[in-house]
Structure formats: structure tokens, C-alpha cells
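Asker: This structure is in C-alpha cells; I'll ask about it shortly.
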Amino acid sequence: MKSVFSVYRYDPKVDQKPRYQEYEVDTEPTDKILDCLNKIRWEQDPTLAYRYSCAHGICGSDALMINGRIELACQKLVRDFKTGNNFVIEPLPLFDVVKDLIVDLEPFFEKHRRVQPYLIGGKNESDKEFMQSAENQEFVEPALRCILCASCTAACPINRARPNYLGPAALLRAFRYIFDSRDSITEERLKKMDNPDGVWGCKTMWWCTDVCPKEIPITRCLGQIKRAVKQKEEGS
Amino acid sequence: MKHQYDVIIVGAGLAGLRAAVEIGKDARAAVLTKVFATRSHSGAAQGGIGAALGNEEEDHWEWHMFDTVKGSDYLGDQDAIEILARDAPRAIYELENLGVPFNRTSEGKIAQRAFGGHTRKYGEAPVKRACYAATRTGRVILDTLWEQSLQREIEFFDEFQMLSLIVHKDQCCGVVAYELATGQLHTFHCKAVLLATGGAGKIYKTTSNAFASTGDGMAIAYRAGAPLEDMEFVQFHPTGIYKLGILISEAARGEGGILLNNDGERFMERYAPVIKDLAPRDMISRCMLEEMRAGRGIDGKDYFHLDLTHLGKDVIENKLAEITSFARTYAGVEPVKEPIPVQPTCHYMMGGIATDYEGRVIVDEKNTPFTGLYAAGECACVSVHGANRLGCNALLDTLVFGRRAGMQIKDFVQSVAQPGLPAKPEKDDAEMIRRLMKSKGKETSGAIRAELQECMMNNVSVFRQKRDLTAALDKIGQLKTRYQSLSIQDKGNCFNRDLLDAVELGHLLDLAEVITRGALYREESRGAHFREDFPERDDEKFLVHTMTRHDEAKGPQIFTRPVAVTKFEPKERKY
């Protein structure tokens, strides 16, 4: 079965503006979109640039715009699209294009680093594990599914309006540590959330949750942070 | 560009990051990685990490040690395996205290589950030894260690491809690397290099491995004079999704899943009456192929059913969440209601760069170290996995020996001055790139790679014999010749994958040759290496490690190294 792929091409160092290049590819309904890009690169045009690695939705390399929607190229199959075998492939929005489908994610990771993404553990009296209830582990579990693919942050409209806003992915990481019972600086973490570039930047638009390839209820997790910030204020 | 550090770590998976965390601020360390750190393939590890914590039922490190020795078909070095099993509980508690969010028991301890080949009382019955976080164990450990490295302000050079090691006066003193975003060559001058570059599953057509798993570290070390050890032992995991190779974790069977043939028979009961579907991977993969040959594959084809339906929705959707989603997305199967079609998939290299149990690369059978060069994780061969690795021991290997390498390196760099650097160390790599970019040859990496993968899959996978191995060696030789007429279509210098594909293919070809030569040399059957023309294990001749040294003129040169046998004398391996 023939499919037509219109792929965004742009090398900012050479091209004045982006263009879309068409490729005709022999596809099977079960091909991943990543397989199709590989066919283009291996069989037709080795100059096409995109990131990929594990090819089964766990490394987080290949978030792209497929037919106008943010998806992982390795997690969507040809048969998942009802677009008459026509595909438009573009890079993630929000970020600067480095080449073709590759964007500069440094601003994304910079925000990640801002939330102190590591456990600042209290004192563990035993020489074994830090005890944690199964309920507490399950509470933070949704955040553990995050693969740092940047889909949510790229989709969030607030991020475009407020470049300094932490964005859903970094806030989700903050959630993971705020609610981990083993962490000792919850107060400080919540204080850092309490501003318009922190959790109040979120206007509950649900775009992040909608695009998350790991089906994380991101908006709800952010809601938990909001609630905890409020409770802290009311308590003090 | 030139950089100077005390330590360069190549690879940002669990072994590399565990070493980085160990070194911390005690030395100037940087991590080079060809994919962004959190994209490393350790993140794909699903089921768990083994340690005799005894949180769910009685367990002892001695049992873990025995299982690992037996699982290795007695080829693993028992002194190293003892370190692995004894140190495991400490390694887990340490990870947990760093923040790794393991699943919990109702008392709040780390939860554990059963896994293949792990037993109580030296083989009596399966034991719950695998610590886990749903089916995302590797991913959460990777994230935690990466974030710990950020906290320690370790420098990262993300999307840098190592091209060669700089060796001067028999001492490793740096790395030449290619920056993907700019096409620039960088030389990293240092006192010690740790290779933690992972596996090489992309040698085979069907694999659970990432595109990045091309054995760069093994091949580059080999070219630099470090021998590779036991490379013929390649693990085929029994449950890859049919046609795709995507892994369905052994945790599925640890939680009670079973394998069925076309008659609906739980065939592993016949082959391993005691632990059945939790037999080690080499054995189950071999049994599956036996069943196939007897015409009992599903619909006469080359796959089987992994049935989870009796486990119930809760276990399937929570404890096995990730693999359930894989089955739905890629196989179009609903595991709550129907079985998952599976077949063996290339999963892990037991062999690798020969090291001692302090992470030092060794150059001969007397364990003489290669000064300044270290290796840990899948790219290294300590050897704790011998002829067959048990599930849950790979993550453990990266953590235990990544840490030991880190400690060793810390001592080493504090005791020596910065070594000298040869003139223009990047010269050969610059020349290689220039040659590839200018070449008018007709060959493409895509075509050669596909033929190599097909050839290795057909001739050097689960069942092997002299005729096929010899044919494979001929084919690899031809492909190596054709590789010389490779040309690069992409002439740019920004994310030039075409060029990187060519570099990686060179590594795959070298390693395929070493694997095949080792398989031909080893005229016996042991663990994952099964010779149809030599179906018995032969301890008299082959209770030794196969060591392969590179020789430009004569081709791979094989010698042997004795196996360390301490507590457990080799016995027949039955489950």
C-alpha cells in the first residue's frame, strides 16, 4: 500500500525558510510511523534528520507532530490514522528547530533542572530501605511513567505565552518529589511552586494530558500540587 | 576542540551513571553519550533487579550466587559472582535511599517477585527475588541516577559519538568523539576512560535492543587492543513480540504467565518439570525452537502464545502495565482476554570487553590491566553471566560493577599525573570521515546492515553448526570488503545519521566476526551457545573463557583464560 509523507525539512544554517518534501512509501498497516521515516531515510533520502532510539515508546526520543497532533513516531502505526494514507510530519512546536524534525530541547531540560529533580531524603534510621507505604508509592506512580519526551510541554499553550513557565513536564517531576513521603523538603518545594511561573501557570487546559503518550493524568497531578500549596497557605 | 578531564565516561546508561555518581565531585568527570542521557537503553529494562532481600520470603545471597553460577552453565567466574550476589542487597538499599521508587509490600518494604532461574534452597522452587517498579524498573533507576548526576554537577556531552580511544605508550589517555549537532571532532584528554556503552543487539535482525545498541565500546576497545571475552554467548530472550522483537518481560511469567504451543499445551512442563515457565532464557528459547521443529508452533508458524488471561485485569494492568500497553499497541492484542504472540528475540551479550572485578580492562590470561581503561555493564565481561545471564542480573551487574569501577577510577586518577598525548590524536578519525564523505562507492550502510542481520539471524542464533558458521564467516568477510566501498549521501555536518550509520556498521561487522569465530571455536554446547554438531557440554576442553584479540593482518586471534571455580563444582544443569 502506498502512503504519501509530507515531511518538514529545514536546515537553519543553509535554508532561508522551511519547506515540505513529499515521499511515497510502501507501507503496511502495522508499520510504525518511525518505520516509515526509516524507509524514507534508508531507501530514498539519507539526509532526513530525526531522533529515535528504542523504537517502542520508552526512551522518549521521537515525539513529533503527525497530522497536526503530537505523537511518538514509534508508538503510532499507519493503521491508527484515518487520513487516506496521507501523512504530514513536523517537528515538535515550541522549540527551535536544529534540523528537519530535530528540535533543541535544552530549554526543556533547563526547566527540569530548576525543580531540584532528586530526593532530598530525611534521615533513614535503618540500614535498609526507607519505608514507604504502598499507597504513597502508588500516589506518585503516574509521574514515574514520564519518559521526558517533551510532548506535554510542547502542547501546552501557556508555555508559548509565558516562556518562563515551568510547564507540565517539569511540574510533573516536581509532583513526583513533593508527594514522595521520603523527601524532607516538601515545604520548600511547595513554596517554589507558588507563583505564576510555577504551578499557577497551569490554567487547566488539559492539552498536556491529552497528548501524553504514556497516558499520565498530568493535569490532575498538577491539581494535586495546587491543592497542597493552598492547604499549606491555609495552614500557616 | 580539546577538553581535559580526569575521567571520561562513555555511555549514560546505568553502569556509566552509577560510576559517575560514585566519582561525583572527587574528580573531574564528564559523560559522553551518543543519545541524550535519559534515552539510554537501560531505560528499556522492565522486570526487575535481583537481590536476596528476603522481603517476601526467605532468601540468601548464597542461593542467589548458586542460581547465577548454575544459570551461567558454570562459565561465570565464581569470585565475581560472589561479589555480585553478596553486594546486591546493599546496592538495592543504596538505590532506594537515592530515591528509586520501587513497588512496596503492605508493610512498606521493597516488593519482590519471581523471575526465571532464581530459586530457593539451590533449585527447589522459584523464589521472589526481583525488586521492581511495575515494568519500568530500568527507566526509574535511569531517571534517578541521571538526576543524581545533575545534583552532583557531572558534565554531560549529550549526542557525542565516540570514534576511537587514544592510546599512547600502552596507556589509554583519552577519547576522540564526533559531535552530532555540528560535525566537529573533539578530543577528550584524560587519565582514565570508562566504557559503559551497552550491548550490540543490532547485529541481529530480530532484537529487543534499541537502534543505538551497536556495540561501539566493544568494537572500539577491540580495535585498540583490548581482548573481547566469551562473545559467542548471545542471549535470545524467549518472549519478544512476534515479528517485532519488542520485549515482553519475564515478569509476565514471574507473575504467573505461561507459554502455550499450538496444541494449547504448557510445553515447558515437559522440559523443566520443577520451575517450568521460569526456566532460564537459553533453555526456554531452545525449547521453543524444538517445539517449532516438531510442528507445534502456533498454526505451524514460528511463534508461541504467552497466556496471561488467568492473571486477572488488576495484575495485568498494574504490575505488568508497560508490557500490556506494548501488546495492545504493537501486536493489537488485548492481554486480559487473549494470549500474546511471542518468539525469541536477541536481547543481551553475555560477552564483552574482558575486565577484572574492579572494572579494569585486562589484556591477557594473567589479568594484566590495560592502564587507564575500564569497562562496566553490558559492554564488559567480568564475567558474572558466563554462558547465560539470568533475568534481573543485568541491572544488578551495572550497579555493582559500575560502582566498583567508579571507586577504582577515583583511586587511580588521584595517584597518577595527566598522561602525555600523542600528536594529532584525531588524525585517523578525521581521515576516516573525509574518506567516507568523498567516497564514490556504490554501497550503502542500509543494504549491508540488512544482509548482516539476516545472515547472523539465520546462521549464528540459537542453534548453530559448523556448516552455517563457516558460511556466516564467508558472508561477513564479503560484507567487510563491500564496506570499503561505502559512500555517504548526506554531505552535511548537522545530525548526519548517514555517516553515523556507517560508523556503527563498522562496529557491527567487527563484532559479528568475533561472535562467529568464537562460536566456531567452541565445539561444545553450553548456556546460550548450542552446537547441533556438539550437543554436549565439554568441561574438559571448554570450561574456559574464549578471548579474542584483534590482529589487523591475521584476523581475530583466539586464546583462553581459566574460569574461577570457588564454591560450586560444575554439575549437569537441570531445572
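Residue numbers start at 1 in each chain; chains themselves are named A, B, ... in the order of the C-alpha cells; ligands are numbered from 1 in the order shown.
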Under the rule of at most 6 Å, produce a per-residue listing of chain B near chain A: chain, number, name, the closest pair of atoms, and the distance in Å, as a tab-separated table, using only C-alpha atoms.
Answerer:
```
residue	atom	partner	partner_atom	distance
B:Arg39	CA	A:Cys59	CA	4.4
B:Tyr93	CA	A:Glu129	CA	5.1
B:Gly99	CA	A:Leu119	CA	5.4
B:Arg104	CA	A:Ala134	CA	4.9
B:Gly108	CA	A:Ser133	CA	4.5
B:Lys109	CA	A:Met131	CA	5.8
B:Glu147	CA	A:Tyr118	CA	5.8
B:Ala210	CA	A:Cys54	CA	3.9
B:Phe211	CA	A:Ser53	CA	5.0
B:Ala212	CA	A:Ser53	CA	5.8
B:Gly446	CA	A:Trp42	CA	5.7
B:Asp490	CA	A:Thr47	CA	4.9
B:Asp498	CA	A:Pro46	CA	5.8
```
Asker: Print the selection's residues with N, CA and C atoms to a file, as a PDB file, in the first residue's frame.
Answerer:
```
ATOM      1  N   ARG B  39      17.818   8.728  27.261  1.00  0.00           N
ATOM      2  CA  ARG B  39      17.369   7.856  26.159  1.00  0.00           C
ATOM      3  C   ARG B  39      18.144   6.540  26.145  1.00  0.00           C
ATOM      4  N   TYR B  93      19.463  -1.204  48.573  1.00  0.00           N
ATOM      5  CA  TYR B  93      19.136  -0.228  49.625  1.00  0.00           C
ATOM      6  C   TYR B  93      19.718   1.135  49.275  1.00  0.00           C
ATOM      7  N   GLY B  99      16.413   7.392  46.101  1.00  0.00           N
ATOM      8  CA  GLY B  99      15.099   7.839  45.644  1.00  0.00           C
ATOM      9  C   GLY B  99      14.369   6.906  44.697  1.00  0.00           C
ATOM     10  N   ARG B 104       6.043  -1.472  46.628  1.00  0.00           N
ATOM     11  CA  ARG B 104       6.151  -1.766  48.066  1.00  0.00           C
ATOM     12  C   ARG B 104       5.273  -2.928  48.495  1.00  0.00           C
ATOM     13  N   GLY B 108       5.402  -1.732  53.628  1.00  0.00           N
ATOM     14  CA  GLY B 108       6.217  -0.592  53.225  1.00  0.00           C
ATOM     15  C   GLY B 108       7.635  -0.946  52.841  1.00  0.00           C
ATOM     16  N   LYS B 109       7.928  -2.256  52.783  1.00  0.00           N
ATOM     17  CA  LYS B 109       9.253  -2.675  52.311  1.00  0.00           C
ATOM     18  C   LYS B 109       9.254  -2.759  50.782  1.00  0.00           C
ATOM     19  N   GLU B 147      19.356  12.068  37.522  1.00  0.00           N
ATOM     20  CA  GLU B 147      19.061  13.232  38.352  1.00  0.00           C
ATOM     21  C   GLU B 147      20.080  13.383  39.488  1.00  0.00           C
ATOM     22  N   ALA B 210      17.687  -1.298  21.310  1.00  0.00           N
ATOM     23  CA  ALA B 210      17.482  -0.009  20.660  1.00  0.00           C
ATOM     24  C   ALA B 210      18.360   0.108  19.421  1.00  0.00           C
ATOM     25  N   PHE B 211      18.018   1.066  18.574  1.00  0.00           N
ATOM     26  CA  PHE B 211      18.865   1.347  17.415  1.00  0.00           C
ATOM     27  C   PHE B 211      20.290   1.702  17.848  1.00  0.00           C
ATOM     28  N   ALA B 212      20.399   2.285  19.032  1.00  0.00           N
ATOM     29  CA  ALA B 212      21.717   2.729  19.490  1.00  0.00           C
ATOM     30  C   ALA B 212      22.607   1.574  19.947  1.00  0.00           C
ATOM     31  N   GLY B 446      22.630   0.787   4.776  1.00  0.00           N
ATOM     32  CA  GLY B 446      21.342   0.120   4.943  1.00  0.00           C
ATOM     33  C   GLY B 446      21.366  -1.282   4.359  1.00  0.00           C
ATOM     34  N   ASP B 490      24.662  11.938   2.554  1.00  0.00           N
ATOM     35  CA  ASP B 490      24.480  13.192   3.285  1.00  0.00           C
ATOM     36  C   ASP B 490      25.850  13.856   3.439  1.00  0.00           C
ATOM     37  N   ASP B 498      23.574   9.430   8.295  1.00  0.00           N
ATOM     38  CA  ASP B 498      24.149   8.585   7.256  1.00  0.00           C
ATOM     39  C   ASP B 498      25.591   8.222   7.622  1.00  0.00           C
TER      40      ASP B 498
END
```
Asker: Stretch 190-199 of chain A: which residues within 10 Å, counting only C-alpha atoms, same-chain residues fewer than 2 positions away excluded, as a PDB file with C-alpha atoms, in the first residue's frame?
Answerer:
```
ATOM      1  CA  ARG A 114      15.021  24.009  38.103  1.00  0.00           C
ATOM      2  CA  VAL A 115      12.668  21.811  40.156  1.00  0.00           C
ATOM      3  CA  ILE A 158       0.711  28.647  28.285  1.00  0.00           C
ATOM      4  CA  ASN A 159       4.303  27.798  27.533  1.00  0.00           C
ATOM      5  CA  ARG A 162       4.906  32.564  29.214  1.00  0.00           C
ATOM      6  CA  PRO A 163       8.357  31.323  28.225  1.00  0.00           C
ATOM      7  CA  ASN A 164       9.473  31.190  31.844  1.00  0.00           C
ATOM      8  CA  TYR A 165       6.593  28.950  32.956  1.00  0.00           C
ATOM      9  CA  LEU A 166       7.944  25.601  34.142  1.00  0.00           C
ATOM     10  CA  GLY A 167       5.494  23.697  32.011  1.00  0.00           C
ATOM     11  CA  PRO A 168       3.749  20.370  32.596  1.00  0.00           C
ATOM     12  CA  ALA A 170       8.860  19.846  34.961  1.00  0.00           C
ATOM     13  CA  LEU A 171       5.837  20.317  37.222  1.00  0.00           C
ATOM     14  CA  LEU A 172       5.068  16.621  36.960  1.00  0.00           C
ATOM     15  CA  ALA A 174       8.082  18.324  40.995  1.00  0.00           C
ATOM     16  CA  PHE A 175       4.885  16.402  41.860  1.00  0.00           C
ATOM     17  CA  ILE A 178       6.682  16.765  46.582  1.00  0.00           C
ATOM     18  CA  ILE A 185      11.951  19.488  51.845  1.00  0.00           C
ATOM     19  CA  THR A 186       8.278  19.362  50.905  1.00  0.00           C
ATOM     20  CA  GLU A 187       7.608  22.840  52.337  1.00  0.00           C
ATOM     21  CA  GLU A 188      10.405  24.378  50.322  1.00  0.00           C
ATOM     22  CA  GLY A 201       0.917  28.981  35.371  1.00  0.00           C
ATOM     23  CA  CYS A 202      -1.311  25.978  34.712  1.00  0.00           C
ATOM     24  CA  LYS A 203      -4.772  27.092  33.569  1.00  0.00           C
ATOM     25  CA  LEU A 222      -0.729  19.431  38.811  1.00  0.00           C
ATOM     26  CA  GLY A 223      -4.085  19.905  40.514  1.00  0.00           C
ATOM     27  CA  GLN A 224      -2.738  17.964  43.496  1.00  0.00           C
ATOM     28  CA  ILE A 225       0.181  20.383  43.724  1.00  0.00           C
ATOM     29  CA  LYS A 226      -2.222  23.349  43.613  1.00  0.00           C
ATOM     30  CA  ALA A 228      -1.201  21.191  48.544  1.00  0.00           C
ATOM     31  CA  VAL A 229       0.050  24.765  48.011  1.00  0.00           C
ATOM     32  CA  LYS A 230      -3.339  26.111  49.089  1.00  0.00           C
ATOM     33  CA  LYS A 232      -0.088  24.989  53.189  1.00  0.00           C
ATOM     34  CA  GLU A 233      -1.170  28.636  52.926  1.00  0.00           C
TER      35      GLU A 233
END
```
Asker: To test your reading of the structure, identify every residue in stretch 132-290 of chain B that backbone DSSP assigns to strand (DSSP E), and report it as a VMD selection string.
Answerer: chain B and resid 155 to 158 160 to 168 171 to 179 185 to 189 192 to 195 228 to 229 234 to 241 258 to 260
Asker: Might you pull out every residue within 6 Å of stretch 192-203 of chain B, with only C-alpha atoms counted and same-chain residues fewer than 6 positions away left off, and present them as a ChimeraX atom specification?
Answerer: /B:7-11,15-16,209,213-215,217,346,372-379,453,508
Asker: Using only N, CA and C atoms, please write the residues we just selected to a file, as a JSON list (two decimals), in the first residue's frame.
Answerer:
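The resulting selection_27.json:
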```json
[["chain", "number", "residue", "atom", "x", "y", "z"],
["B", 7, "VAL", "N", 38.53, 11.99, 34.24],
["B", 7, "VAL", "CA", 37.83, 10.78, 33.82],
["B", 7, "VAL", "C", 36.83, 11.09, 32.72],
["B", 8, "ILE", "N", 36.82, 10.26, 31.70],
["B", 8, "ILE", "CA", 35.76, 10.32, 30.71],
["B", 8, "ILE", "C", 34.98, 9.02, 30.79],
["B", 9, "ILE", "N", 33.66, 9.17, 30.97],
["B", 9, "ILE", "CA", 32.78, 8.01, 30.98],
["B", 9, "ILE", "C", 32.04, 8.02, 29.66],
["B", 10, "VAL", "N", 32.10, 6.92, 28.93],
["B", 10, "VAL", "CA", 31.39, 6.87, 27.66],
["B", 10, "VAL", "C", 30.15, 6.01, 27.84],
["B", 11, "GLY", "N", 28.99, 6.62, 27.69],
["B", 11, "GLY", "CA", 27.74, 5.89, 27.89],
["B", 11, "GLY", "C", 27.04, 6.37, 29.14],
["B", 15, "ALA", "N", 25.33, 1.65, 34.12],
["B", 15, "ALA", "CA", 26.72, 1.44, 34.54],
["B", 15, "ALA", "C", 27.48, 2.76, 34.54],
["B", 16, "GLY", "N", 27.35, 3.53, 33.46],
["B", 16, "GLY", "CA", 28.06, 4.79, 33.34],
["B", 16, "GLY", "C", 27.62, 5.78, 34.41],
["B", 209, "ASN", "N", 16.67, -4.82, 21.32],
["B", 209, "ASN", "CA", 17.57, -3.69, 21.59],
["B", 209, "ASN", "C", 17.20, -2.44, 20.80],
["B", 213, "SER", "N", 22.04, 0.36, 20.11],
["B", 213, "SER", "CA", 22.82, -0.76, 20.64],
["B", 213, "SER", "C", 23.67, -1.40, 19.55],
["B", 214, "THR", "N", 24.75, -0.73, 19.20],
["B", 214, "THR", "CA", 25.59, -1.19, 18.10],
["B", 214, "THR", "C", 27.00, -1.57, 18.56],
["B", 215, "GLY", "N", 27.16, -1.78, 19.85],
["B", 215, "GLY", "CA", 28.44, -2.31, 20.34],
["B", 215, "GLY", "C", 29.65, -1.42, 20.11],
["B", 217, "GLY", "N", 31.44, 0.55, 22.03],
["B", 217, "GLY", "CA", 32.52, 0.45, 23.00],
["B", 217, "GLY", "C", 33.31, -0.83, 22.83],
["B", 346, "CYS", "N", 16.80, -11.40, 20.05],
["B", 346, "CYS", "CA", 18.15, -11.16, 20.56],
["B", 346, "CYS", "C", 18.09, -10.07, 21.62],
["B", 372, "GLY", "N", 44.64, 2.69, 32.45],
["B", 372, "GLY", "CA", 43.76, 3.81, 32.12],
["B", 372, "GLY", "C", 42.44, 3.44, 31.47],
["B", 373, "LEU", "N", 42.22, 2.14, 31.20],
["B", 373, "LEU", "CA", 40.98, 1.76, 30.52],
["B", 373, "LEU", "C", 40.12, 0.85, 31.42],
["B", 374, "TYR", "N", 38.86, 1.21, 31.53],
["B", 374, "TYR", "CA", 37.90, 0.50, 32.39],
["B", 374, "TYR", "C", 36.64, 0.22, 31.58],
["B", 375, "ALA", "N", 35.89, -0.79, 32.00],
["B", 375, "ALA", "CA", 34.61, -1.06, 31.33],
["B", 375, "ALA", "C", 33.63, -1.64, 32.35],
["B", 376, "ALA", "N", 32.36, -1.33, 32.15],
["B", 376, "ALA", "CA", 31.32, -1.86, 33.05],
["B", 376, "ALA", "C", 30.00, -1.96, 32.31],
["B", 377, "GLY", "N", 29.13, -2.83, 32.83],
["B", 377, "GLY", "CA", 27.81, -3.00, 32.23],
["B", 377, "GLY", "C", 27.85, -4.01, 31.09],
["B", 378, "GLU", "N", 26.88, -3.94, 30.20],
["B", 378, "GLU", "CA", 26.76, -4.96, 29.16],
["B", 378, "GLU", "C", 27.98, -5.02, 28.25],
["B", 379, "CYS", "N", 28.65, -3.90, 28.04],
["B", 379, "CYS", "CA", 29.81, -3.92, 27.13],
["B", 379, "CYS", "C", 30.98, -4.66, 27.74],
["B", 453, "GLN", "N", 22.43, -8.62, 9.31],
["B", 453, "GLN", "CA", 21.44, -9.01, 10.33],
["B", 453, "GLN", "C", 20.74, -10.31, 9.94],
["B", 508, "LEU", "N", 29.45, -3.20, 14.03],
["B", 508, "LEU", "CA", 28.63, -4.43, 13.94],
["B", 508, "LEU", "C", 29.38, -5.53, 13.19]]
```
Asker: Quote the spacing between atom CA of B:Ser525 and atom CA of B:Leu75 in Å to one decimal place.
Answerer: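 So the two atoms, atom CA of B:Ser525 and atom CA of B:Leu75, lie 11.7 Å apart.
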Asker: Going by DSSP on the backbone, which residues of stretch 9-80 of chain A come out as alpha helix (DSSP H)? List them as a PyMOL selection string.
Answerer: chain A and resi 33-39
Asker: Next, dump the selected residues to file, keeping only C-alpha atoms, as a JSON list (two decimals), in the first residue's frame.
Answerer:
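Everything below was put into part-v3.json:
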```
[["chain", "number", "residue", "atom", "x", "y", "z"],
["A", 33, "ILE", "CA", 5.43, 5.88, 11.66],
["A", 34, "LEU", "CA", 9.08, 5.57, 12.72],
["A", 35, "ASP", "CA", 9.45, 2.57, 10.37],
["A", 36, "CYS", "CA", 8.17, 4.77, 7.55],
["A", 37, "LEU", "CA", 10.67, 7.52, 8.34],
["A", 38, "ASN", "CA", 13.40, 4.89, 8.40],
["A", 39, "LYS", "CA", 12.27, 3.61, 4.99]]
```
Asker: List the neighbours of B:Tyr357 out to 9 Å using only C-alpha atoms; skip same-chain residues closer than 2 positions along the sequence, and give me the result as a PyMOL selection string.
Answerer: chain B and resi 79-80+83+355+359-360+382-383+401+404-405
Asker: Tell me which of B:Glu291, B:Leu395, B:Ser164, B:Ile81 sits closest to B:Ile49, counting only C-alpha atoms.
Answerer: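 Among the listed residues, B:Leu395 lies closest to B:Ile49.
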Asker: May I have the residues within 12 Å of B:Gly116 as a PyMOL selection string, using only C-alpha atoms and disregarding those fewer than 3 positions away in the same chain?
Answerer: chain B and resi 47-50+64+67-68+71+113+119+123+125-130+237-238+249-257+272+274-284+388-393+575
Asker: For B:Ser487, find every residue with an atom within 9 Å (counting only C-alpha atoms), except residues of its own chain fewer than 6 positions away, and show them as a PyMOL selection string.
Answerer: chain B and resi 435-445+499+502
Asker: Export, as a PDB file, in the first residue's frame, the selected residues with N, CA and C atoms.
Answerer:
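Generated output (part.pdb):
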```pdb
ATOM      1  N   ARG B 435      37.357  10.301   4.035  1.00  0.00           N
ATOM      2  CA  ARG B 435      37.303   9.235   3.032  1.00  0.00           C
ATOM      3  C   ARG B 435      35.847   8.808   2.767  1.00  0.00           C
ATOM      4  N   LEU B 436      35.091   8.603   3.842  1.00  0.00           N
ATOM      5  CA  LEU B 436      33.695   8.185   3.679  1.00  0.00           C
ATOM      6  C   LEU B 436      32.879   9.248   2.941  1.00  0.00           C
ATOM      7  N   MET B 437      33.104  10.515   3.290  1.00  0.00           N
ATOM      8  CA  MET B 437      32.305  11.589   2.693  1.00  0.00           C
ATOM      9  C   MET B 437      32.628  11.766   1.214  1.00  0.00           C
ATOM     10  N   LYS B 438      33.887  11.471   0.850  1.00  0.00           N
ATOM     11  CA  LYS B 438      34.299  11.674  -0.546  1.00  0.00           C
ATOM     12  C   LYS B 438      34.071  10.447  -1.407  1.00  0.00           C
ATOM     13  N   SER B 439      33.898   9.299  -0.754  1.00  0.00           N
ATOM     14  CA  SER B 439      33.831   8.044  -1.492  1.00  0.00           C
ATOM     15  C   SER B 439      32.748   8.074  -2.567  1.00  0.00           C
ATOM     16  N   LYS B 440      33.105   7.521  -3.734  1.00  0.00           N
ATOM     17  CA  LYS B 440      32.115   7.440  -4.805  1.00  0.00           C
ATOM     18  C   LYS B 440      31.598   6.010  -4.922  1.00  0.00           C
ATOM     19  N   GLY B 441      31.863   5.205  -3.887  1.00  0.00           N
ATOM     20  CA  GLY B 441      31.445   3.803  -3.892  1.00  0.00           C
ATOM     21  C   GLY B 441      29.932   3.658  -4.014  1.00  0.00           C
ATOM     22  N   LYS B 442      29.510   2.440  -4.379  1.00  0.00           N
ATOM     23  CA  LYS B 442      28.080   2.227  -4.648  1.00  0.00           C
ATOM     24  C   LYS B 442      27.319   1.667  -3.445  1.00  0.00           C
ATOM     25  N   GLU B 443      28.052   1.254  -2.421  1.00  0.00           N
ATOM     26  CA  GLU B 443      27.387   0.565  -1.319  1.00  0.00           C
ATOM     27  C   GLU B 443      26.745   1.534  -0.318  1.00  0.00           C
ATOM     28  N   THR B 444      25.639   1.068   0.291  1.00  0.00           N
ATOM     29  CA  THR B 444      25.017   1.865   1.364  1.00  0.00           C
ATOM     30  C   THR B 444      25.012   1.047   2.656  1.00  0.00           C
ATOM     31  N   SER B 445      25.039   1.743   3.776  1.00  0.00           N
ATOM     32  CA  SER B 445      25.028   1.034   5.062  1.00  0.00           C
ATOM     33  C   SER B 445      23.759   0.226   5.221  1.00  0.00           C
ATOM     34  N   LEU B 499      26.321   9.216   8.068  1.00  0.00           N
ATOM     35  CA  LEU B 499      27.709   8.991   8.482  1.00  0.00           C
ATOM     36  C   LEU B 499      27.769   8.110   9.730  1.00  0.00           C
ATOM     37  N   ALA B 502      27.218   4.520   9.094  1.00  0.00           N
ATOM     38  CA  ALA B 502      28.410   3.880   8.530  1.00  0.00           C
ATOM     39  C   ALA B 502      29.396   3.516   9.638  1.00  0.00           C
TER      40      ALA B 502
END
```
Asker: Which of these residues is nearest to A:Tyr20, using only C-alpha atoms: A:Ala73, A:Met205, A:Val88, A:Pro213?
Answerer: A:Val88
Asker: Atom CA of B:Glu524 to atom CA of B:Met65: how many Å, to one decimal?
Answerer: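 Taking atom CA of B:Glu524 as the start and atom CA of B:Met65 as the end point, the length is 24.4 Å.
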Asker: Report the distance between atom CA of B:Ile448 and atom CA of B:Gly240 in Å, rounded to one decimal place.
Answerer: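 Distance between the two atoms: 24.5 Å.
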Asker: Restricting the calculation to only C-alpha atoms, which member of A:Ile40, A:Cys221, A:Ala154, A:Cys208 is positioned closest to A:Val7?
Answerer: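 Smallest distance to A:Val7 is found for A:Ile40.
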